[in-house]
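The next block is structure_19.tsv, given as TSV, C-alpha atoms and all ligand atoms.
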```
chain	number	residue	atom	x	y	z
A	24	MET	CA	-120.48	-51.27	-11.84
A	25	ARG	CA	-118.42	-48.23	-10.90
A	26	ASN	CA	-115.62	-50.50	-9.82
A	27	ILE	CA	-115.59	-52.35	-13.12
A	28	LEU	CA	-115.51	-49.11	-15.07
A	29	LEU	CA	-112.65	-47.88	-12.96
A	30	LYS	CA	-110.75	-51.12	-13.61
A	31	ILE	CA	-111.34	-50.85	-17.36
A	32	CYS	CA	-110.09	-47.27	-17.27
A	33	LEU	CA	-107.04	-48.28	-15.31
A	34	VAL	CA	-106.24	-51.17	-17.66
A	35	SER	CA	-106.54	-48.86	-20.69
A	36	VAL	CA	-104.27	-46.31	-19.07
A	37	LEU	CA	-101.70	-49.00	-18.30
A	38	PHE	CA	-102.00	-50.36	-21.82
A	39	ILE	CA	-101.46	-46.95	-23.38
A	40	TRP	CA	-98.59	-46.31	-21.01
A	41	PHE	CA	-96.74	-49.56	-21.69
A	42	GLU	CA	-97.52	-50.19	-25.31
A	43	PRO	CA	-94.89	-47.90	-26.88
A	44	ASN	CA	-92.20	-49.39	-24.64
A	45	LEU	CA	-93.12	-52.95	-25.60
A	46	ASN	CA	-92.98	-51.95	-29.23
A	47	ALA	CA	-89.60	-50.28	-28.86
A	48	LYS	CA	-88.24	-53.46	-27.26
A	49	ASP	CA	-89.50	-55.71	-30.04
A	50	LYS	CA	-88.36	-53.48	-32.89
A	51	LYS	CA	-84.96	-54.16	-34.38
A	52	PRO	CA	-82.97	-50.98	-35.04
A	53	LYS	CA	-83.71	-49.68	-38.50
A	54	LYS	CA	-81.02	-50.26	-41.12
A	55	PRO	CA	-80.35	-47.70	-43.84
A	56	THR	CA	-81.19	-48.54	-47.44
A	57	LYS	CA	-79.53	-45.39	-48.73
A	58	VAL	CA	-76.14	-44.03	-47.73
A	59	VAL	CA	-74.58	-40.73	-48.64
A	60	PHE	CA	-70.94	-40.77	-47.59
A	61	LEU	CA	-69.42	-37.32	-47.93
A	62	ILE	CA	-65.69	-36.71	-47.69
A	63	GLY	CA	-64.33	-33.23	-47.24
A	64	ASP	CA	-60.77	-33.88	-48.37
A	65	GLY	CA	-58.44	-32.12	-45.94
A	66	MET	CA	-61.36	-30.90	-43.83
A	67	GLY	CA	-60.41	-30.64	-40.17
A	68	LEU	CA	-62.13	-28.73	-37.39
A	69	ALA	CA	-60.21	-25.52	-38.12
A	70	GLN	CA	-61.39	-25.61	-41.76
A	71	ILE	CA	-65.02	-26.03	-40.66
A	72	THR	CA	-64.79	-23.44	-37.87
A	73	GLY	CA	-62.99	-20.91	-40.05
A	74	ALA	CA	-65.15	-21.31	-43.16
A	75	MET	CA	-68.43	-21.20	-41.23
A	76	ALA	CA	-67.42	-18.20	-39.08
A	77	GLY	CA	-69.75	-15.32	-39.88
A	78	TYR	CA	-71.75	-17.44	-42.34
A	79	THR	CA	-75.36	-16.27	-42.27
A	80	GLY	CA	-76.90	-19.30	-43.99
A	81	GLN	CA	-77.54	-22.67	-42.39
A	82	ASN	CA	-74.53	-24.43	-40.91
A	83	ALA	CA	-75.13	-28.05	-41.99
A	84	PHE	CA	-72.54	-29.45	-39.59
A	85	GLU	CA	-74.68	-28.26	-36.67
A	86	ARG	CA	-77.61	-30.36	-37.93
A	87	PHE	CA	-75.92	-33.69	-37.17
A	88	PRO	CA	-76.98	-35.37	-33.92
A	89	VAL	CA	-73.95	-37.69	-33.73
A	90	ILE	CA	-70.29	-36.67	-33.81
A	91	GLY	CA	-67.20	-38.87	-33.65
A	92	LEU	CA	-63.47	-38.46	-34.15
A	93	SER	CA	-61.37	-40.48	-36.56
A	94	LYS	CA	-57.64	-41.18	-36.17
A	95	THR	CA	-56.13	-40.87	-39.60
A	96	ALA	CA	-52.59	-42.36	-39.53
A	97	SER	CA	-51.73	-44.63	-42.47
A	98	ALA	CA	-49.75	-47.89	-42.33
A	99	ASP	CA	-46.41	-46.25	-43.08
A	100	ASN	CA	-46.88	-42.65	-41.98
A	101	TYR	CA	-48.53	-40.92	-39.03
A	102	VAL	CA	-49.60	-38.30	-41.59
A	103	THR	CA	-51.70	-39.98	-44.26
A	104	ASP	CA	-52.17	-39.01	-47.90
A	105	SER	CA	-55.56	-39.14	-49.61
A	106	GLY	CA	-54.89	-42.52	-51.27
A	107	ALA	CA	-54.35	-44.36	-47.99
A	108	GLY	CA	-56.88	-42.07	-46.29
A	109	ALA	CA	-59.74	-43.13	-48.57
A	110	THR	CA	-58.56	-46.73	-49.03
A	111	VAL	CA	-59.39	-47.40	-45.36
A	112	PHE	CA	-63.03	-46.48	-46.00
A	113	SER	CA	-63.07	-48.91	-48.91
A	114	ILE	CA	-61.08	-51.91	-47.68
A	115	GLY	CA	-61.00	-51.38	-43.90
A	116	LYS	CA	-57.23	-51.73	-43.71
A	117	LYS	CA	-54.54	-49.16	-43.18
A	118	THR	CA	-52.23	-49.05	-46.16
A	119	ASN	CA	-49.16	-47.15	-47.31
A	120	ASN	CA	-49.37	-43.56	-48.51
A	121	GLY	CA	-50.08	-43.37	-52.23
A	122	ALA	CA	-51.78	-46.78	-52.41
A	123	ILE	CA	-55.29	-47.21	-53.83
A	124	GLY	CA	-57.46	-50.15	-52.76
A	125	VAL	CA	-54.51	-52.40	-51.93
A	126	ASP	CA	-53.20	-53.41	-48.49
A	127	SER	CA	-49.81	-52.48	-47.04
A	128	LEU	CA	-48.23	-55.47	-48.83
A	129	GLY	CA	-49.61	-54.23	-52.15
A	130	LYS	CA	-52.27	-56.94	-52.36
A	131	GLU	CA	-55.67	-56.15	-53.84
A	132	SER	CA	-58.29	-56.20	-51.12
A	133	MET	CA	-62.03	-56.48	-51.68
A	134	GLY	CA	-63.55	-53.02	-51.67
A	135	LEU	CA	-66.77	-51.61	-50.26
A	136	PHE	CA	-68.28	-51.08	-53.73
A	137	GLU	CA	-67.55	-54.70	-54.65
A	138	ARG	CA	-69.34	-55.84	-51.48
A	139	LEU	CA	-72.21	-53.48	-52.21
A	140	LYS	CA	-72.57	-54.73	-55.79
A	141	GLU	CA	-72.68	-58.33	-54.53
A	142	GLN	CA	-75.79	-57.28	-52.60
A	143	GLU	CA	-77.20	-55.36	-55.59
A	144	TRP	CA	-76.70	-51.87	-54.22
A	145	GLY	CA	-76.32	-49.00	-56.68
A	146	THR	CA	-73.00	-47.18	-56.26
A	147	ALA	CA	-71.74	-43.73	-57.25
A	148	VAL	CA	-68.84	-41.34	-56.86
A	149	VAL	CA	-69.39	-37.60	-57.30
A	150	VAL	CA	-66.33	-35.36	-57.03
A	151	THR	CA	-64.78	-32.00	-57.87
A	152	SER	CA	-61.50	-33.62	-58.94
A	153	SER	CA	-61.02	-36.12	-61.74
A	154	ILE	CA	-63.03	-39.29	-61.14
A	155	THR	CA	-59.71	-41.16	-61.23
A	156	HIS	CA	-58.19	-39.02	-58.45
A	157	ALA	CA	-57.06	-40.74	-55.22
A	158	THR	CA	-60.23	-40.37	-53.15
A	159	PRO	CA	-62.83	-41.67	-55.64
A	160	ALA	CA	-60.33	-44.20	-57.07
A	161	ALA	CA	-60.01	-45.89	-53.67
A	162	PHE	CA	-63.67	-46.92	-53.93
A	163	TYR	CA	-63.45	-48.82	-57.22
A	164	ALA	CA	-59.78	-49.37	-58.17
A	165	HIS	CA	-56.82	-51.36	-56.87
A	166	VAL	CA	-53.41	-49.97	-57.85
A	167	ALA	CA	-50.07	-49.52	-56.13
A	168	SER	CA	-49.89	-45.81	-56.93
A	169	ARG	CA	-52.47	-43.04	-57.11
A	170	LYS	CA	-50.40	-41.52	-59.91
A	171	SER	CA	-51.47	-44.26	-62.36
A	172	GLN	CA	-54.70	-42.51	-63.30
A	173	GLU	CA	-54.93	-44.23	-66.70
A	174	GLU	CA	-54.67	-47.60	-64.98
A	175	ILE	CA	-57.25	-46.48	-62.41
A	176	ALA	CA	-59.68	-45.58	-65.23
A	177	GLU	CA	-59.52	-49.19	-66.49
A	178	PHE	CA	-61.10	-50.41	-63.24
A	179	MET	CA	-64.40	-48.83	-64.30
A	180	ILE	CA	-64.70	-51.83	-66.62
A	181	ARG	CA	-65.32	-54.03	-63.59
A	182	LYS	CA	-68.70	-52.25	-63.26
A	183	ASN	CA	-68.54	-51.84	-59.50
A	184	CYS	CA	-69.23	-48.13	-59.79
A	185	ASP	CA	-72.55	-47.44	-61.51
A	186	ILE	CA	-72.28	-43.67	-61.66
A	187	ALA	CA	-69.18	-41.45	-61.70
A	188	ILE	CA	-69.39	-37.67	-62.08
A	189	GLY	CA	-66.37	-35.36	-62.06
A	190	GLY	CA	-63.40	-34.46	-64.23
A	191	GLY	CA	-60.80	-36.72	-65.82
A	192	LYS	CA	-61.92	-37.33	-69.40
A	193	LYS	CA	-58.34	-37.53	-70.67
A	194	PHE	CA	-57.55	-40.61	-68.60
A	195	PHE	CA	-60.21	-42.46	-70.60
A	196	THR	CA	-59.68	-41.05	-74.06
A	197	GLN	CA	-56.12	-39.73	-74.44
A	198	ARG	CA	-54.21	-42.71	-73.20
A	199	LYS	CA	-50.72	-44.06	-73.82
A	200	ASP	CA	-52.22	-47.39	-74.90
A	201	LYS	CA	-54.51	-45.60	-77.42
A	202	ARG	CA	-57.59	-47.35	-76.05
A	203	ASN	CA	-60.78	-45.33	-75.87
A	204	LEU	CA	-62.25	-46.50	-72.60
A	205	PHE	CA	-65.37	-44.42	-73.09
A	206	MET	CA	-66.18	-46.43	-76.21
A	207	GLU	CA	-65.49	-49.68	-74.39
A	208	LEU	CA	-67.61	-48.66	-71.40
A	209	ASN	CA	-70.42	-47.50	-73.66
A	210	GLU	CA	-70.48	-50.94	-75.29
A	211	MET	CA	-70.74	-52.41	-71.79
A	212	GLY	CA	-73.89	-50.44	-71.04
A	213	TYR	CA	-72.61	-47.19	-69.60
A	214	THR	CA	-74.05	-43.91	-70.77
A	215	ILE	CA	-71.10	-41.60	-71.39
A	216	ALA	CA	-71.50	-37.84	-71.16
A	217	VAL	CA	-68.80	-35.27	-71.85
A	218	ASP	CA	-69.83	-31.69	-71.31
A	219	THR	CA	-68.48	-28.79	-69.29
A	220	ASN	CA	-72.07	-28.10	-68.28
A	221	LEU	CA	-73.83	-30.66	-66.18
A	222	ILE	CA	-77.21	-31.48	-67.65
A	223	GLU	CA	-79.63	-33.99	-66.21
A	224	ILE	CA	-79.28	-37.47	-67.68
A	225	ASP	CA	-81.44	-40.44	-66.79
A	226	ALA	CA	-79.24	-43.57	-66.81
A	227	LYS	CA	-78.64	-46.63	-64.68
A	228	ARG	CA	-74.93	-46.58	-65.47
A	229	LEU	CA	-73.39	-43.22	-66.19
A	230	ILE	CA	-69.93	-41.71	-66.52
A	231	TYR	CA	-70.14	-37.97	-66.81
A	232	THR	CA	-66.96	-35.93	-67.15
A	233	VAL	CA	-67.19	-32.15	-67.01
A	234	ALA	CA	-63.45	-31.54	-67.54
A	235	ASP	CA	-60.36	-33.04	-69.11
A	236	ASP	CA	-58.71	-33.28	-65.73
A	237	GLU	CA	-59.68	-31.18	-62.69
A	238	VAL	CA	-63.11	-29.61	-62.27
A	239	LYS	CA	-62.93	-25.83	-61.98
A	240	THR	CA	-62.84	-24.13	-58.60
A	241	MET	CA	-65.74	-22.35	-56.92
A	242	GLN	CA	-63.82	-19.10	-57.28
A	243	ALA	CA	-63.61	-19.68	-61.05
A	244	GLY	CA	-67.39	-20.08	-61.23
A	245	ARG	CA	-68.18	-23.77	-60.71
A	246	GLY	CA	-71.57	-22.78	-59.32
A	247	ASP	CA	-73.85	-25.47	-57.95
A	248	TYR	CA	-72.25	-28.31	-59.94
A	249	LEU	CA	-71.54	-30.49	-56.88
A	250	LEU	CA	-75.10	-30.16	-55.58
A	251	ARG	CA	-76.66	-30.97	-58.95
A	252	ALA	CA	-74.25	-33.85	-59.59
A	253	THR	CA	-75.04	-35.32	-56.16
A	254	GLN	CA	-78.78	-35.02	-56.72
A	255	MET	CA	-78.52	-36.54	-60.21
A	256	ALA	CA	-76.56	-39.52	-58.86
A	257	GLN	CA	-79.07	-40.04	-56.05
A	258	LYS	CA	-82.05	-39.72	-58.35
A	259	ASN	CA	-80.72	-42.24	-60.86
A	260	LEU	CA	-79.62	-44.77	-58.27
A	261	ASN	CA	-82.95	-44.48	-56.45
A	262	LYS	CA	-84.76	-45.07	-59.71
A	263	TYR	CA	-82.80	-48.15	-60.77
A	264	PHE	CA	-81.76	-49.76	-57.48
A	265	GLU	CA	-83.53	-50.54	-54.22
A	266	LYS	CA	-80.46	-49.61	-52.19
A	267	SER	CA	-77.91	-46.92	-52.97
A	268	PHE	CA	-74.52	-45.70	-51.80
A	269	VAL	CA	-73.23	-42.35	-53.03
A	270	MET	CA	-69.74	-41.11	-52.17
A	271	VAL	CA	-69.51	-37.35	-52.56
A	272	GLU	CA	-66.16	-35.59	-52.27
A	273	GLY	CA	-65.41	-31.93	-51.69
A	274	SER	CA	-62.06	-32.64	-53.32
A	275	GLN	CA	-60.69	-29.13	-53.44
A	276	ILE	CA	-61.04	-28.24	-49.75
A	277	ASP	CA	-57.68	-30.05	-49.66
A	278	TRP	CA	-56.24	-28.11	-52.58
A	279	GLY	CA	-56.96	-24.78	-50.90
A	280	GLY	CA	-55.08	-26.16	-47.89
A	281	HIS	CA	-52.05	-27.18	-49.96
A	282	GLU	CA	-51.93	-23.66	-51.38
A	283	ASN	CA	-52.38	-22.18	-47.89
A	284	ASN	CA	-55.16	-20.23	-49.54
A	285	PHE	CA	-57.87	-19.75	-46.93
A	286	GLU	CA	-60.36	-18.08	-49.30
A	287	TYR	CA	-60.03	-20.93	-51.84
A	288	MET	CA	-60.62	-23.49	-49.06
A	289	LYS	CA	-63.52	-21.49	-47.63
A	290	ALA	CA	-65.34	-21.22	-50.98
A	291	GLU	CA	-64.98	-24.99	-51.47
A	292	LEU	CA	-66.16	-25.75	-47.94
A	293	LEU	CA	-69.20	-23.47	-48.23
A	294	ASP	CA	-70.11	-25.30	-51.44
A	295	PHE	CA	-69.77	-28.59	-49.53
A	296	ASN	CA	-72.00	-27.13	-46.78
A	297	ASN	CA	-74.72	-26.43	-49.37
A	298	VAL	CA	-74.55	-30.02	-50.56
A	299	LEU	CA	-74.79	-31.26	-46.95
A	300	ASN	CA	-77.89	-29.19	-46.31
A	301	ALA	CA	-79.63	-30.57	-49.40
A	302	VAL	CA	-78.58	-34.15	-48.58
A	303	LEU	CA	-79.89	-33.74	-45.00
A	304	ASP	CA	-83.19	-32.27	-46.22
A	305	ALA	CA	-83.70	-35.25	-48.53
A	306	ALA	CA	-82.63	-37.71	-45.80
A	307	ALA	CA	-85.09	-36.18	-43.33
A	308	LYS	CA	-87.91	-36.64	-45.83
A	309	ASP	CA	-86.85	-40.17	-46.73
A	310	GLY	CA	-86.17	-41.63	-43.27
A	311	ASN	CA	-84.02	-44.51	-44.60
A	312	THR	CA	-80.90	-42.55	-45.47
A	313	LEU	CA	-77.72	-42.65	-43.44
A	314	VAL	CA	-75.59	-39.54	-43.98
A	315	ILE	CA	-71.93	-39.67	-42.95
A	316	VAL	CA	-69.57	-36.72	-43.31
A	317	THR	CA	-65.90	-37.02	-42.59
A	318	ALA	CA	-62.42	-36.27	-43.90
A	319	ASP	CA	-59.44	-38.39	-44.86
A	320	HIS	CA	-57.11	-36.00	-42.99
A	321	GLU	CA	-56.57	-32.33	-42.25
A	322	THR	CA	-54.57	-30.21	-44.70
A	323	GLY	CA	-52.25	-27.32	-43.93
A	324	GLY	CA	-52.12	-27.53	-40.13
A	325	LEU	CA	-54.59	-24.64	-40.16
A	326	CYS	CA	-54.92	-22.59	-37.01
A	327	LEU	CA	-57.23	-19.63	-36.33
A	328	LEU	CA	-55.16	-17.01	-34.53
A	329	GLU	CA	-56.25	-13.90	-32.66
A	330	ASN	CA	-56.66	-10.84	-34.85
A	331	LYS	CA	-55.59	-7.87	-32.71
A	332	GLU	CA	-56.91	-5.40	-35.32
A	333	ASN	CA	-60.37	-6.94	-35.32
A	334	LYS	CA	-61.08	-9.10	-32.32
A	335	ALA	CA	-64.35	-10.37	-33.78
A	336	SER	CA	-62.36	-12.12	-36.50
A	337	PHE	CA	-59.25	-14.29	-36.71
A	338	ILE	CA	-56.12	-14.72	-38.77
A	339	PRO	CA	-55.89	-18.04	-40.62
A	340	ASN	CA	-52.40	-19.40	-40.14
A	341	TYR	CA	-50.96	-22.47	-41.82
A	342	ALA	CA	-48.22	-24.62	-40.30
A	343	SER	CA	-47.56	-26.60	-43.46
A	344	LYS	CA	-48.25	-26.98	-47.18
A	345	ASN	CA	-49.07	-30.62	-46.58
A	346	HIS	CA	-51.41	-32.77	-44.52
A	347	SER	CA	-51.32	-33.01	-40.73
A	348	GLY	CA	-51.92	-35.90	-38.32
A	349	ILE	CA	-54.71	-34.39	-36.21
A	350	MET	CA	-57.94	-36.35	-35.71
A	351	VAL	CA	-60.80	-35.40	-38.01
A	352	PRO	CA	-64.51	-35.19	-37.17
A	353	VAL	CA	-67.16	-37.68	-38.27
A	354	PHE	CA	-70.76	-36.44	-38.46
A	355	ALA	CA	-73.67	-38.89	-38.71
A	356	TYR	CA	-77.40	-38.60	-39.30
A	357	GLY	CA	-80.14	-41.14	-39.90
A	358	PRO	CA	-80.62	-44.86	-39.18
A	359	GLY	CA	-77.43	-46.29	-37.69
A	360	ALA	CA	-75.93	-42.87	-36.94
A	361	ALA	CA	-75.35	-43.72	-33.27
A	362	GLU	CA	-72.64	-46.22	-34.33
A	363	PHE	CA	-70.41	-43.32	-35.27
A	364	SER	CA	-70.01	-41.61	-31.89
A	365	GLY	CA	-66.72	-41.93	-30.02
A	366	ILE	CA	-63.05	-41.92	-30.97
A	367	TYR	CA	-61.76	-44.63	-33.28
A	368	GLU	CA	-59.28	-45.48	-36.01
A	369	ASN	CA	-60.38	-44.52	-39.52
A	370	THR	CA	-60.60	-48.25	-40.36
A	371	ALA	CA	-63.54	-48.55	-37.93
A	372	ILE	CA	-65.73	-46.50	-40.27
A	373	TYR	CA	-65.57	-49.34	-42.81
A	374	TYR	CA	-66.55	-51.97	-40.24
A	375	LYS	CA	-69.42	-49.85	-38.95
A	376	LEU	CA	-70.69	-49.59	-42.53
A	377	LEU	CA	-70.35	-53.35	-43.14
A	378	LYS	CA	-72.39	-54.04	-40.04
A	379	LEU	CA	-75.08	-51.46	-40.77
A	380	LEU	CA	-75.41	-52.40	-44.43
A	381	ASN	CA	-75.39	-56.17	-43.80
A	382	LEU	CA	-72.30	-56.71	-45.91
A	383	HIS	CA	-71.20	-59.64	-43.76
A	384	GLY	CA	-67.55	-58.86	-43.35
A	385	ASN	CA	-65.15	-59.57	-40.55
A	386	THR	CA	-66.32	-57.07	-37.93
A	387	LYS	CA	-62.96	-56.49	-36.25
A	388	ALA	CA	-61.24	-53.21	-37.06
A	389	SER	CA	-57.53	-53.46	-37.69
A	390	LYS	CA	-55.15	-51.14	-35.85
A	401	MG	MG	-59.35	-36.21	-52.66
A	402	ZN	ZN	-53.88	-33.32	-50.07
```
Any chance you could put this one into C-alpha cells?
Ligand code: MG
Ligand code: ZN
Amino acid sequence: MRNILLKICLVSVLFIWFEPNLNAKDKKPKKPTKVVFLIGDGMGLAQITGAMAGYTGQNAFERFPVIGLSKTASADNYVTDSGAGATVFSIGKKTNNGAIGVDSLGKESMGLFERLKEQEWGTAVVVTSSITHATPAAFYAHVASRKSQEEIAEFMIRKNCDIAIGGGKKFFTQRKDKRNLFMELNEMGYTIAVDTNLIEIDAKRLIYTVADDEVKTMQAGRGDYLLRATQMAQKNLNKYFEKSFVMVEGSQIDWGGHENNFEYMKAELLDFNNVLNAVLDAAAKDGNTLVIVTADHETGGLCLLENKENKASFIPNYASKNHSGIMVPVFAYGPGAAEFSGIYENTAIYYKLLKLLNLHGNTKASK
C-alpha cells in the first residue's frame, strides 16, 4: 500500500514538473492583435540619453525588454531623409530621399496600411506635424516628392488610413485645385473635426486637424495633446476593429535637432516619453499589444560633451543642422518583441511586421 502511494506521489510530482514544459512546446508563439508603432523622428541615442538625463519621472525606454539597432541609409544617400526613412517601414524597400511610398524607380509599392486593410485591421496615424508630412504620409500615400502635401492629402480618399490626427488642415481645404477634400471625405464616411483643442470624438473613421499646418511645440504649450490623440485613436480603433495598428510620431524631436536647439528637442522627447509610458501601461494590461519604438534617423549629429564647469552635466554639441547616418535604436515590447533584437537594415522592420501580423508578404529584406 505504502509503495503504491509513493508511486502515485512520484507520478504526480513528475506530472506537475513536466506539464508546463509540454504546454510551452505545444503552444505557438502569440501574435499581436494590436500594434503601436512609435517613431521619434530624428531620435538617436544621444537625444534619448541627453533628454532623459536628470529626469525624475519614469524613463519609458528602460521598460523595453528587447533592443535592436536599425541601419538607416536610403537608396541614394547614406544619410536618409524622413520620406525615405519612413517609406521603408511602409513598403519594405529603400528608396530615394524625398520619396513617399514609392520605390527607388518611382513606382508605387503596396504599403503596410494597404496590407493591413486587406486583413481588416484598423489603421491610424497620430502626429505633431501635419498629417500630410513625410513620416505619416509614407504610411498611406505614394508620391515622388514629400513636398506635394496637397497631392498627399488626396490619398486619404483611398481609405487605407481610418484615423489621422495632427495638423495640416490647409492641404485639404485651401488647395490650388479648389477642391474641399474634407467635404469629399465626409461624404465617404469620415468624421471631420477641425479644432485647435483636441476633444474626444467617437468615430470609426476620423480626420482631426488641430492646426492649419504644424502642430504647436511643447514649449508653446501643446500640453498632453499627443498622449490624448494616441489614446483616442487606440480607443476608437479598438471599438470598431478587432485588430489595430497605430503609428504615433514625435515629429518635432527632429525639428529641435535641425534648429540645434537642445531644449526644444528635449521638451518634445519628454512628451514622447510620456506617451510611451501610457502605451506600455495599456499594453501590459492588454497582453496582445506589440509596442515598437524607433527612429527614421538621427538629427543634428548630437554629442554630449564633458562640462568642465559642472561635471555632473554635459554640453550638448551639434555637428550638423541636418540628419546623420548613425544607427538608431529599436525598442520592442509585447508578443513578437523578440524578433526585433539584433542589428539590421531599416527595411527588416517591415518584414518582421509582415511576419508577425500574418500579412503574407515576401519575407526577404532588401539591402
Ligand atoms: Mg517626421
Ligand atoms: Zn529632419
Produce as an mmCIF file with C-alpha atoms, in the frame of the given file the set of residues near ligand ZN 402 (chain A), where near means within 8 Å with all atoms listed in the file considered.
```
data_model
loop_
_atom_site.group_PDB
_atom_site.id
_atom_site.type_symbol
_atom_site.label_atom_id
_atom_site.label_comp_id
_atom_site.auth_asym_id
_atom_site.auth_seq_id
_atom_site.Cartn_x
_atom_site.Cartn_y
_atom_site.Cartn_z
ATOM 1 C CA ASP A 64 -60.770 -33.880 -48.370
ATOM 2 C CA GLY A 65 -58.440 -32.120 -45.940
ATOM 3 C CA ASP A 104 -52.170 -39.010 -47.900
ATOM 4 C CA SER A 105 -55.560 -39.140 -49.610
ATOM 5 C CA ASP A 277 -57.680 -30.050 -49.660
ATOM 6 C CA TRP A 278 -56.240 -28.110 -52.580
ATOM 7 C CA GLY A 280 -55.080 -26.160 -47.890
ATOM 8 C CA HIS A 281 -52.050 -27.180 -49.960
ATOM 9 C CA THR A 322 -54.570 -30.210 -44.700
ATOM 10 C CA ASN A 345 -49.070 -30.620 -46.580
ATOM 11 C CA HIS A 346 -51.410 -32.770 -44.520
#
```
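Closest approach to Ile186 of chain A from the set A:Asn203, A:Asn259, A:Thr240, A:Gln254 is made by A:Asn259, with distances taken over all atoms listed in the file.
Remark: for Ser132 of chain A, the closest of the candidate residues A:Thr118, A:Gly310, A:Asn381, A:Tyr231 is A:Thr118 (distances computed over all atoms listed in the file).
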Site check for ligand MG 401 (chain A): residues at most 10 Å away, only C-alpha atoms and all ligand atoms, as an mmCIF file with C-alpha atoms, keeping the file's coordinate frame:
```
data_model
loop_
_atom_site.group_PDB
_atom_site.id
_atom_site.type_symbol
_atom_site.label_atom_id
_atom_site.label_comp_id
_atom_site.auth_asym_id
_atom_site.auth_seq_id
_atom_site.Cartn_x
_atom_site.Cartn_y
_atom_site.Cartn_z
ATOM 1 C CA ILE A 62 -65.690 -36.710 -47.690
ATOM 2 C CA GLY A 63 -64.330 -33.230 -47.240
ATOM 3 C CA ASP A 64 -60.770 -33.880 -48.370
ATOM 4 C CA GLY A 65 -58.440 -32.120 -45.940
ATOM 5 C CA ASP A 104 -52.170 -39.010 -47.900
ATOM 6 C CA SER A 105 -55.560 -39.140 -49.610
ATOM 7 C CA GLY A 106 -54.890 -42.520 -51.270
ATOM 8 C CA GLY A 108 -56.880 -42.070 -46.290
ATOM 9 C CA ALA A 109 -59.740 -43.130 -48.570
ATOM 10 C CA VAL A 150 -66.330 -35.360 -57.030
ATOM 11 C CA THR A 151 -64.780 -32.000 -57.870
ATOM 12 C CA SER A 152 -61.500 -33.620 -58.940
ATOM 13 C CA SER A 153 -61.020 -36.120 -61.740
ATOM 14 C CA ILE A 154 -63.030 -39.290 -61.140
ATOM 15 C CA THR A 155 -59.710 -41.160 -61.230
ATOM 16 C CA HIS A 156 -58.190 -39.020 -58.450
ATOM 17 C CA ALA A 157 -57.060 -40.740 -55.220
ATOM 18 C CA THR A 158 -60.230 -40.370 -53.150
ATOM 19 C CA PRO A 159 -62.830 -41.670 -55.640
ATOM 20 C CA ALA A 160 -60.330 -44.200 -57.070
ATOM 21 C CA ALA A 161 -60.010 -45.890 -53.670
ATOM 22 C CA GLU A 272 -66.160 -35.590 -52.270
ATOM 23 C CA GLY A 273 -65.410 -31.930 -51.690
ATOM 24 C CA SER A 274 -62.060 -32.640 -53.320
ATOM 25 C CA GLN A 275 -60.690 -29.130 -53.440
ATOM 26 C CA ILE A 276 -61.040 -28.240 -49.750
ATOM 27 C CA ASP A 277 -57.680 -30.050 -49.660
ATOM 28 C CA TRP A 278 -56.240 -28.110 -52.580
ATOM 29 C CA ALA A 318 -62.420 -36.270 -43.900
ATOM 30 C CA ASP A 319 -59.440 -38.390 -44.860
ATOM 31 C CA HIS A 320 -57.110 -36.000 -42.990
#
```
Taken to one decimal, the atom CA of Leu204 of chain A-atom CA of Asp235 of chain A distance is 14.0 Å
Under the rule that all atoms listed in the file are counted, which of A:Gln81, A:Leu293, A:Tyr356, A:Lys57 is the nearest residue to Ala307 of chain A? A:Tyr356
For a cutoff of 8 Å around the file-coordinate point (-77.7, -46.7, -64.4), which residues qualify once you count only C-alpha atoms? I'd like the result as a ChimeraX atom specification. /A:185-186,213-214,225-229,259-260,263
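Put simply, atom CA of Cys184 of chain A is 19.2 Å away from atom CA of Ala234 of chain A.
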Could you pull the residues within 6 Å of Gly124 of chain A, counting only C-alpha atoms, minus those fewer than 2 positions along the same chain, as number ranges by chain? A: 110, 161, 164-165
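Note that atom CA of Gly134 of chain A and atom CA of Ser113 of chain A are 5.0 Å apart.
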